[in-house]
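Trainee: Input file: data13.cif. Contents: mmCIF, C-alpha atoms.
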data_model
#
loop_
_atom_site.label_atom_id
_atom_site.label_comp_id
_atom_site.auth_asym_id
_atom_site.auth_seq_id
_atom_site.Cartn_x
_atom_site.Cartn_y
_atom_site.Cartn_z
CA MET F 1 -87.21 -134.71 -36.25
CA VAL F 2 -88.07 -132.37 -39.13
CA ALA F 3 -90.89 -133.56 -41.39
CA GLN F 4 -90.01 -134.10 -45.04
CA LYS F 5 -91.85 -132.30 -47.81
CA GLY F 6 -95.05 -134.08 -48.72
CA THR F 7 -95.37 -135.90 -45.37
CA VAL F 8 -97.37 -133.12 -43.70
CA ARG F 9 -101.14 -133.21 -44.38
CA VAL F 10 -101.96 -129.48 -44.67
CA SER F 11 -99.64 -126.51 -45.08
CA VAL F 12 -101.14 -123.06 -44.64
CA ALA F 13 -98.97 -120.58 -46.56
CA MET F 14 -99.30 -117.00 -45.33
CA ILE F 15 -97.34 -113.86 -46.10
CA SER F 16 -97.25 -110.94 -43.70
CA TYR F 17 -96.28 -107.30 -43.71
CA ASN F 18 -97.28 -104.82 -41.00
CA GLY F 19 -100.42 -106.78 -40.19
CA ALA F 20 -100.34 -106.64 -36.40
CA GLU F 21 -103.78 -105.06 -36.07
CA PHE F 22 -105.71 -108.09 -37.36
CA LEU F 23 -103.12 -110.88 -37.26
CA ARG F 24 -104.04 -112.62 -34.01
CA GLY F 25 -107.64 -113.20 -35.02
CA GLN F 26 -106.59 -114.80 -38.29
CA VAL F 27 -103.85 -116.98 -36.80
CA GLU F 28 -106.22 -118.25 -34.11
CA SER F 29 -108.93 -119.06 -36.68
CA VAL F 30 -106.37 -121.06 -38.69
CA LEU F 31 -104.74 -122.97 -35.83
CA GLU F 32 -108.12 -124.01 -34.42
CA GLN F 33 -108.68 -126.07 -37.58
CA LEU F 34 -105.26 -127.66 -38.00
CA GLY F 35 -104.30 -131.08 -36.75
CA GLN F 36 -101.02 -131.91 -35.10
CA GLU F 37 -99.69 -133.16 -38.45
CA ASP F 38 -100.37 -129.79 -40.13
CA GLU F 39 -98.40 -126.53 -40.28
CA LEU F 40 -98.79 -122.77 -40.60
CA VAL F 41 -95.85 -121.26 -42.49
CA VAL F 42 -95.59 -117.45 -42.47
CA SER F 43 -93.09 -115.44 -44.49
CA ASP F 44 -92.75 -111.92 -43.11
CA ASP F 45 -91.39 -109.33 -45.52
CA GLY F 46 -89.82 -106.89 -43.08
CA SER F 47 -92.66 -105.74 -40.82
CA THR F 48 -91.97 -102.85 -38.44
CA ASP F 49 -95.25 -102.76 -36.48
CA GLY F 50 -94.92 -105.73 -34.13
CA THR F 51 -96.11 -108.39 -36.59
CA THR F 52 -92.96 -110.46 -36.18
CA ASP F 53 -93.21 -110.26 -32.37
CA ILE F 54 -96.70 -111.76 -32.56
CA LEU F 55 -95.58 -114.49 -34.94
CA GLN F 56 -92.51 -115.32 -32.85
CA GLU F 57 -94.79 -115.67 -29.84
CA TYR F 58 -96.99 -118.18 -31.67
CA GLN F 59 -93.94 -120.03 -32.97
CA SER F 60 -92.57 -120.41 -29.45
CA LEU F 61 -95.88 -121.76 -28.16
CA ASP F 62 -96.99 -123.96 -31.06
CA GLY F 63 -94.71 -126.28 -32.97
CA ARG F 64 -96.98 -126.13 -36.01
CA VAL F 65 -96.03 -122.48 -36.65
CA ARG F 66 -92.93 -121.61 -38.66
CA LEU F 67 -91.82 -118.02 -39.23
CA LEU F 68 -89.62 -117.21 -42.21
CA SER F 69 -87.81 -114.04 -43.24
CA GLY F 70 -89.14 -112.93 -46.60
CA PRO F 71 -86.98 -111.87 -49.58
CA ARG F 72 -88.27 -108.25 -49.45
CA GLN F 73 -88.81 -108.16 -53.20
CA GLY F 74 -92.57 -107.69 -53.33
CA ILE F 75 -95.68 -109.80 -52.78
CA LYS F 76 -95.20 -112.36 -55.57
CA LYS F 77 -91.63 -113.14 -54.51
CA ASN F 78 -92.76 -113.52 -50.91
CA VAL F 79 -95.58 -115.86 -51.97
CA GLN F 80 -93.10 -117.91 -53.97
CA HIS F 81 -90.75 -118.02 -50.99
CA VAL F 82 -93.37 -119.33 -48.57
CA LEU F 83 -94.70 -121.88 -51.07
CA GLN F 84 -91.20 -123.28 -51.55
CA GLU F 85 -90.94 -123.86 -47.80
CA THR F 86 -94.23 -125.73 -47.37
CA ARG F 87 -94.24 -129.47 -46.70
CA GLY F 88 -97.91 -130.40 -46.95
CA ARG F 89 -99.78 -132.56 -49.43
CA TYR F 90 -102.41 -129.83 -49.59
CA ILE F 91 -101.43 -126.16 -49.58
CA PHE F 92 -103.90 -123.52 -48.38
CA LEU F 93 -103.23 -119.86 -49.12
CA ALA F 94 -104.05 -117.38 -46.36
CA ASP F 95 -104.01 -113.62 -45.93
CA GLN F 96 -102.92 -112.03 -42.66
CA ASP F 97 -106.15 -110.18 -41.93
CA ASP F 98 -109.08 -112.46 -42.81
CA VAL F 99 -110.93 -114.96 -40.61
CA TRP F 100 -111.38 -118.65 -41.41
CA LEU F 101 -114.87 -119.91 -40.65
CA PRO F 102 -115.29 -123.21 -38.75
CA GLY F 103 -115.07 -126.31 -40.93
CA LYS F 104 -113.09 -124.71 -43.77
CA VAL F 105 -110.19 -127.16 -43.74
CA GLU F 106 -112.23 -130.35 -43.54
CA ARG F 107 -114.74 -129.13 -46.13
CA VAL F 108 -111.98 -128.28 -48.60
CA LEU F 109 -110.16 -131.58 -48.00
CA LYS F 110 -113.41 -133.44 -48.64
CA ALA F 111 -113.82 -131.50 -51.91
CA PHE F 112 -110.34 -132.60 -53.00
CA GLU F 113 -111.28 -136.20 -52.30
CA THR F 114 -114.63 -136.17 -54.07
CA SER F 115 -113.84 -133.91 -57.04
CA LYS F 116 -110.25 -135.07 -57.75
CA ALA F 117 -109.52 -131.42 -58.63
CA ALA F 118 -106.05 -129.87 -58.44
CA VAL F 119 -107.41 -126.59 -57.07
CA VAL F 120 -110.33 -125.95 -54.72
CA ILE F 121 -111.72 -122.45 -54.22
CA HIS F 122 -114.62 -121.58 -51.94
CA ASP F 123 -116.92 -118.61 -51.53
CA ALA F 124 -116.44 -115.89 -48.90
CA LYS F 125 -118.42 -113.23 -47.12
CA VAL F 126 -116.91 -109.75 -47.35
CA PHE F 127 -116.81 -107.90 -44.05
CA ALA F 128 -115.42 -104.94 -42.15
CA GLY F 129 -114.90 -104.32 -38.46
CA ALA F 130 -114.09 -106.76 -35.68
CA GLU F 131 -114.16 -110.51 -36.34
CA ASN F 132 -116.32 -111.10 -33.23
CA ASP F 133 -118.89 -108.56 -34.48
CA PRO F 134 -118.45 -108.44 -38.26
CA GLN F 135 -120.25 -105.96 -40.49
CA ILE F 136 -121.16 -108.06 -43.54
CA LEU F 137 -120.75 -105.95 -46.67
CA MET F 138 -121.35 -108.74 -49.19
CA GLU F 139 -122.86 -112.18 -48.67
CA SER F 140 -121.10 -113.81 -51.63
CA PHE F 141 -117.82 -112.90 -53.26
CA PHE F 142 -118.59 -115.52 -55.92
CA ALA F 143 -121.74 -113.67 -56.93
CA PHE F 144 -119.80 -110.40 -57.17
CA ARG F 145 -117.12 -111.97 -59.40
CA ARG F 146 -119.49 -114.36 -61.25
CA ALA F 147 -117.03 -117.06 -60.27
CA LYS F 148 -116.61 -120.33 -62.11
CA ALA F 149 -113.85 -122.50 -63.54
CA GLY F 150 -112.35 -122.20 -67.00
CA VAL F 151 -109.07 -120.94 -68.44
CA LEU F 152 -110.47 -118.39 -70.89
CA LYS F 153 -113.12 -117.16 -68.48
CA ASN F 154 -110.54 -116.47 -65.76
CA ILE F 155 -108.11 -114.78 -68.11
CA ILE F 156 -110.88 -112.38 -69.14
CA LYS F 157 -112.29 -111.93 -65.63
CA ASN F 158 -110.46 -113.59 -62.77
CA SER F 159 -112.45 -115.65 -60.25
CA TYR F 160 -109.49 -116.86 -58.25
CA ILE F 161 -108.84 -115.14 -54.93
CA GLY F 162 -105.85 -116.49 -53.05
CA CYS F 163 -107.27 -116.39 -49.54
CA CYS F 164 -110.04 -118.79 -50.65
CA MET F 165 -107.78 -121.20 -52.54
CA ALA F 166 -106.07 -124.49 -51.81
CA PHE F 167 -104.21 -126.79 -54.19
CA ARG F 168 -102.41 -130.10 -54.33
CA ARG F 169 -98.66 -130.16 -53.78
CA GLU F 170 -98.11 -131.66 -57.25
CA LEU F 171 -99.07 -128.31 -58.78
CA LEU F 172 -96.01 -126.56 -57.31
CA SER F 173 -93.71 -127.76 -60.07
CA THR F 174 -96.03 -126.17 -62.62
CA ILE F 175 -96.69 -122.80 -60.97
CA LEU F 176 -93.16 -122.06 -59.74
CA PRO F 177 -91.43 -119.82 -60.39
CA ILE F 178 -94.16 -117.19 -60.43
CA PRO F 179 -93.45 -114.74 -63.28
CA GLU F 180 -92.55 -111.27 -62.07
CA GLY F 181 -94.49 -109.55 -64.82
CA ILE F 182 -97.96 -110.91 -64.02
CA GLU F 183 -100.38 -108.96 -61.85
CA MET F 184 -101.81 -111.67 -59.57
CA HIS F 185 -100.30 -114.90 -58.25
CA ASP F 186 -103.71 -116.37 -57.37
CA GLN F 187 -104.94 -116.07 -60.96
CA TRP F 188 -101.72 -117.74 -62.11
CA ILE F 189 -102.13 -120.68 -59.72
CA GLY F 190 -105.81 -121.18 -60.49
CA ILE F 191 -105.54 -121.05 -64.27
CA LEU F 192 -102.49 -123.31 -64.45
CA GLY F 193 -104.30 -125.76 -62.21
CA ASP F 194 -107.29 -125.63 -64.55
CA TYR F 195 -105.13 -126.09 -67.64
CA HIS F 196 -102.62 -128.75 -66.58
CA ALA F 197 -104.71 -130.73 -64.10
CA GLY F 198 -107.87 -130.26 -66.12
CA LYS F 199 -110.14 -129.30 -63.27
CA SER F 200 -110.82 -126.81 -60.51
CA CYS F 201 -113.55 -127.21 -57.92
CA PHE F 202 -115.64 -124.17 -56.97
CA LEU F 203 -117.47 -124.55 -53.65
CA SER F 204 -120.44 -122.23 -53.23
CA GLU F 205 -120.13 -122.35 -49.42
CA PRO F 206 -118.69 -119.22 -47.73
CA LEU F 207 -115.86 -120.60 -45.61
CA LEU F 208 -114.06 -117.34 -44.88
CA LEU F 209 -114.68 -113.77 -43.80
CA TYR F 210 -112.80 -111.64 -46.33
CA ARG F 211 -111.78 -108.41 -44.65
CA ARG F 212 -112.00 -105.10 -46.46
CA HIS F 213 -110.22 -102.03 -45.12
CA GLU F 214 -108.45 -98.95 -46.39
CA ASP F 215 -105.30 -100.84 -47.34
CA ASN F 216 -107.04 -103.26 -49.72
CA ASN F 217 -110.15 -101.49 -51.04
CA SER F 218 -108.61 -101.12 -54.49
CA ALA F 219 -108.84 -104.90 -54.99
CA MET F 220 -112.63 -104.60 -55.26
CA SER F 221 -112.49 -102.12 -58.13
CA HIS F 222 -111.40 -102.36 -61.76
CA TYR F 223 -108.25 -100.96 -63.32
CA GLY F 224 -108.42 -98.63 -66.29
CA MET F 225 -108.91 -100.23 -69.70
CA VAL F 226 -105.31 -99.76 -70.85
CA ARG F 227 -103.91 -101.41 -67.74
CA MET F 228 -106.46 -104.23 -67.93
CA ILE F 229 -105.49 -105.01 -71.54
CA ARG F 230 -101.81 -104.85 -70.71
CA ASN F 231 -102.20 -107.17 -67.73
CA ARG F 232 -104.06 -109.74 -69.81
CA MET F 233 -101.48 -109.63 -72.60
CA VAL F 234 -98.63 -110.13 -70.15
CA PHE F 235 -100.48 -112.95 -68.43
CA VAL F 236 -101.24 -114.74 -71.71
CA PHE F 237 -97.59 -114.42 -72.79
CA HIS F 238 -96.32 -116.05 -69.59
CA PHE F 239 -99.13 -118.61 -69.55
CA VAL F 240 -98.44 -119.77 -73.12
CA ARG F 241 -94.71 -119.91 -72.49
CA ARG F 242 -95.17 -121.96 -69.30
CA ALA F 243 -97.77 -124.21 -70.93
CA LEU F 244 -95.48 -124.92 -73.89
CA CYS F 245 -92.50 -125.51 -71.61
CA LYS F 246 -94.50 -127.83 -69.37
CA GLY F 247 -95.83 -129.71 -72.37
CA ALA F 248 -92.35 -130.17 -73.81
CA CYS F 249 -91.02 -131.33 -70.43
CA ASP F 250 -93.86 -133.83 -70.06
CA SER F 251 -93.23 -135.16 -73.57
CA ARG F 252 -89.55 -135.69 -72.81
CA LEU F 253 -90.44 -137.54 -69.61
CA LEU F 254 -92.89 -139.79 -71.44
CA SER F 255 -90.24 -140.71 -74.01
CA LEU F 256 -87.74 -141.86 -71.38
#
Starting from the file, lay out its structure as structure tokens.

Mentor:
Amino acid sequence: MVAQKGTVRVSVAMISYNGAEFLRGQVESVLEQLGQEDELVVSDDGSTDGTTDILQEYQSLDGRVRLLSGPRQGIKKNVQHVLQETRGRYIFLADQDDVWLPGKVERVLKAFETSKAAVVIHDAKVFAGAENDPQILMESFFAFRRAKAGVLKNIIKNSYIGCCMAFRRELLSTILPIPEGIEMHDQWIGILGDYHAGKSCFLSEPLLLYRRHEDNNSAMSHYGMVRMIRNRMVFVFHFVRRALCKGACDSRLLSL
């Protein structure tokens, strides 16, 4: 019997593309923390390096794993695709090449319970090398980003990093569809959660090893000023439009 949306406790939403080199370590670190009522949903966007073979293997061995074929229209569309297919009350975002530290799931679920927040984001250690012998490059990603909640703060300088985020299922109707023009889906999810639900919870505990390698080093650096200004203007445009639309929809519902 297929579980209905919202009846699963935790959905881990992961996208993949040519991630075979580090994928097994991440999948194992996720599955070790999931209960039998949880799921790992992976949307692969056309990998050619054996990634899908690895994921098909896990899917055949573990009923909690579901492999989807991505839309092949870029990262944001693939994220949207996997989020639409989740069934959990709590949705955790995951990258294909990081490592979840023990206790991450239960600590985040406890934070949801105690804080009543719509979004929970935790700290991470930045590392390189093998997960069983990591070279720690940075003890706190929060310290690097000066992370804290707040709509304006995170429009100016984003604190939200998807691999460290989880959110309540109720937020899906607000964040989807993800606008094509924005730069980062994680910033979009975090700020809309802050704005509409009124609260995000920032945990100072590092609950993940955030892998840095040659394919993602650019994410640790800043864009040029022109691009930064453009990105913020585009984000604000879509944010205001979605906020106004959501507000109008909520008003209509209240009047019924």

Trainee: For F:Asp133, which residue out of F:Leu31, F:Val99, F:Val226, F:Leu83 is the nearest one, using all atoms listed in the file?

Mentor: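 Comparing F:Leu31, F:Val99, F:Val226, F:Leu83 against F:Asp133, the winner is F:Val99.
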
Trainee: Excluding F:Cys164 and its own-chain neighbours fewer than 2 positions away, which residues fall within 7 Å of it when counting only C-alpha atoms? Please give them as a count of residues only.

Mentor: 5

Trainee: Mind telling me what the PyMOL selection byres ((chain F and resi 182) around 8) catches here, as a PyMOL selection string?

Mentor: chain F and resi 179-181+183-185+231+234-235+238

Trainee: Do you know which residues lie at most 8 Å from (-103.1, -116.7, -48.7), with coordinates as in the file and only C-alpha atoms counted, and could you write them as a ChimeraX atom specification?

Mentor: /F:12-15,92-96,162-165

Trainee: Name the residues that the PyMOL selection byres ((chain F and resi 10) around 6) pulls out of this structure, and write them as a list of chain:residue names.

Mentor: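 Listing what the PyMOL selection byres ((chain F and resi 10) around 6) selects in the shown file: F:Val8, F:Arg9, F:Ser11, F:Asp38, F:Gly88, F:Tyr90, F:Ile91.
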
Trainee: Keeping only C-alpha atoms, write the selected residues as a PDB file, in the frame of the given file.

Mentor:
ATOM      1  CA  VAL F   8     -97.370-133.120 -43.700  1.00  0.00           C
ATOM      2  CA  ARG F   9    -101.140-133.210 -44.380  1.00  0.00           C
ATOM      3  CA  SER F  11     -99.640-126.510 -45.080  1.00  0.00           C
ATOM      4  CA  ASP F  38    -100.370-129.790 -40.130  1.00  0.00           C
ATOM      5  CA  GLY F  88     -97.910-130.400 -46.950  1.00  0.00           C
ATOM      6  CA  TYR F  90    -102.410-129.830 -49.590  1.00  0.00           C
ATOM      7  CA  ILE F  91    -101.430-126.160 -49.580  1.00  0.00           C
TER       8      ILE F  91
END

Trainee: Give me the result of the PyMOL selection byres ((chain F and resi 131) around 9) on this file, residue by residue, as a short mmCIF file (atom, residue, chain, number, x, y, z; two decimals) with C-alpha atoms, in the coordinates of the input.

Mentor:
data_model
loop_
_atom_site.label_atom_id
_atom_site.label_comp_id
_atom_site.auth_asym_id
_atom_site.auth_seq_id
_atom_site.Cartn_x
_atom_site.Cartn_y
_atom_site.Cartn_z
CA PHE F 22 -105.71 -108.09 -37.36
CA GLY F 25 -107.64 -113.20 -35.02
CA GLN F 26 -106.59 -114.80 -38.29
CA ASP F 98 -109.08 -112.46 -42.81
CA VAL F 99 -110.93 -114.96 -40.61
CA PHE F 127 -116.81 -107.90 -44.05
CA ALA F 128 -115.42 -104.94 -42.15
CA GLY F 129 -114.90 -104.32 -38.46
CA ALA F 130 -114.09 -106.76 -35.68
CA ASN F 132 -116.32 -111.10 -33.23
CA ASP F 133 -118.89 -108.56 -34.48
CA PRO F 134 -118.45 -108.44 -38.26
CA GLN F 135 -120.25 -105.96 -40.49
CA LEU F 209 -114.68 -113.77 -43.80
CA ARG F 211 -111.78 -108.41 -44.65
#

Trainee: Between F:Ile156, F:Thr114, F:Val79, F:Asp49, which residue has the minimum interatomic distance to F:Arg230, considering all atoms listed in the file?

Mentor: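 Ranked by minimum distance to F:Arg230, first place goes to F:Ile156.
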
Trainee: For a cut-off of 9 Å around (-112.9, -124.1, -65.6), file coordinates, pick out all residues using only C-alpha atoms and list them as a PyMOL selection string.

Mentor: chain F and resi 148-154+191+194-195+198-201

Trainee: Atoms to include: C-alpha atoms. Write the selected residues as an mmCIF file, keeping the file's coordinate frame.

Mentor:
data_model
loop_
_atom_site.group_PDB
_atom_site.id
_atom_site.type_symbol
_atom_site.label_atom_id
_atom_site.label_comp_id
_atom_site.auth_asym_id
_atom_site.auth_seq_id
_atom_site.Cartn_x
_atom_site.Cartn_y
_atom_site.Cartn_z
ATOM 1 C CA LYS F 148 -116.610 -120.330 -62.110
ATOM 2 C CA ALA F 149 -113.850 -122.500 -63.540
ATOM 3 C CA GLY F 150 -112.350 -122.200 -67.000
ATOM 4 C CA VAL F 151 -109.070 -120.940 -68.440
ATOM 5 C CA LEU F 152 -110.470 -118.390 -70.890
ATOM 6 C CA LYS F 153 -113.120 -117.160 -68.480
ATOM 7 C CA ASN F 154 -110.540 -116.470 -65.760
ATOM 8 C CA ILE F 191 -105.540 -121.050 -64.270
ATOM 9 C CA ASP F 194 -107.290 -125.630 -64.550
ATOM 10 C CA TYR F 195 -105.130 -126.090 -67.640
ATOM 11 C CA GLY F 198 -107.870 -130.260 -66.120
ATOM 12 C CA LYS F 199 -110.140 -129.300 -63.270
ATOM 13 C CA SER F 200 -110.820 -126.810 -60.510
ATOM 14 C CA CYS F 201 -113.550 -127.210 -57.920
#

Trainee: Which is closest to F:Phe141 among F:Ser115, F:Gln84, F:Thr48, F:Ser204, if we use only C-alpha atoms?

Mentor: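 Closest to F:Phe141 of all the choices is F:Ser204.
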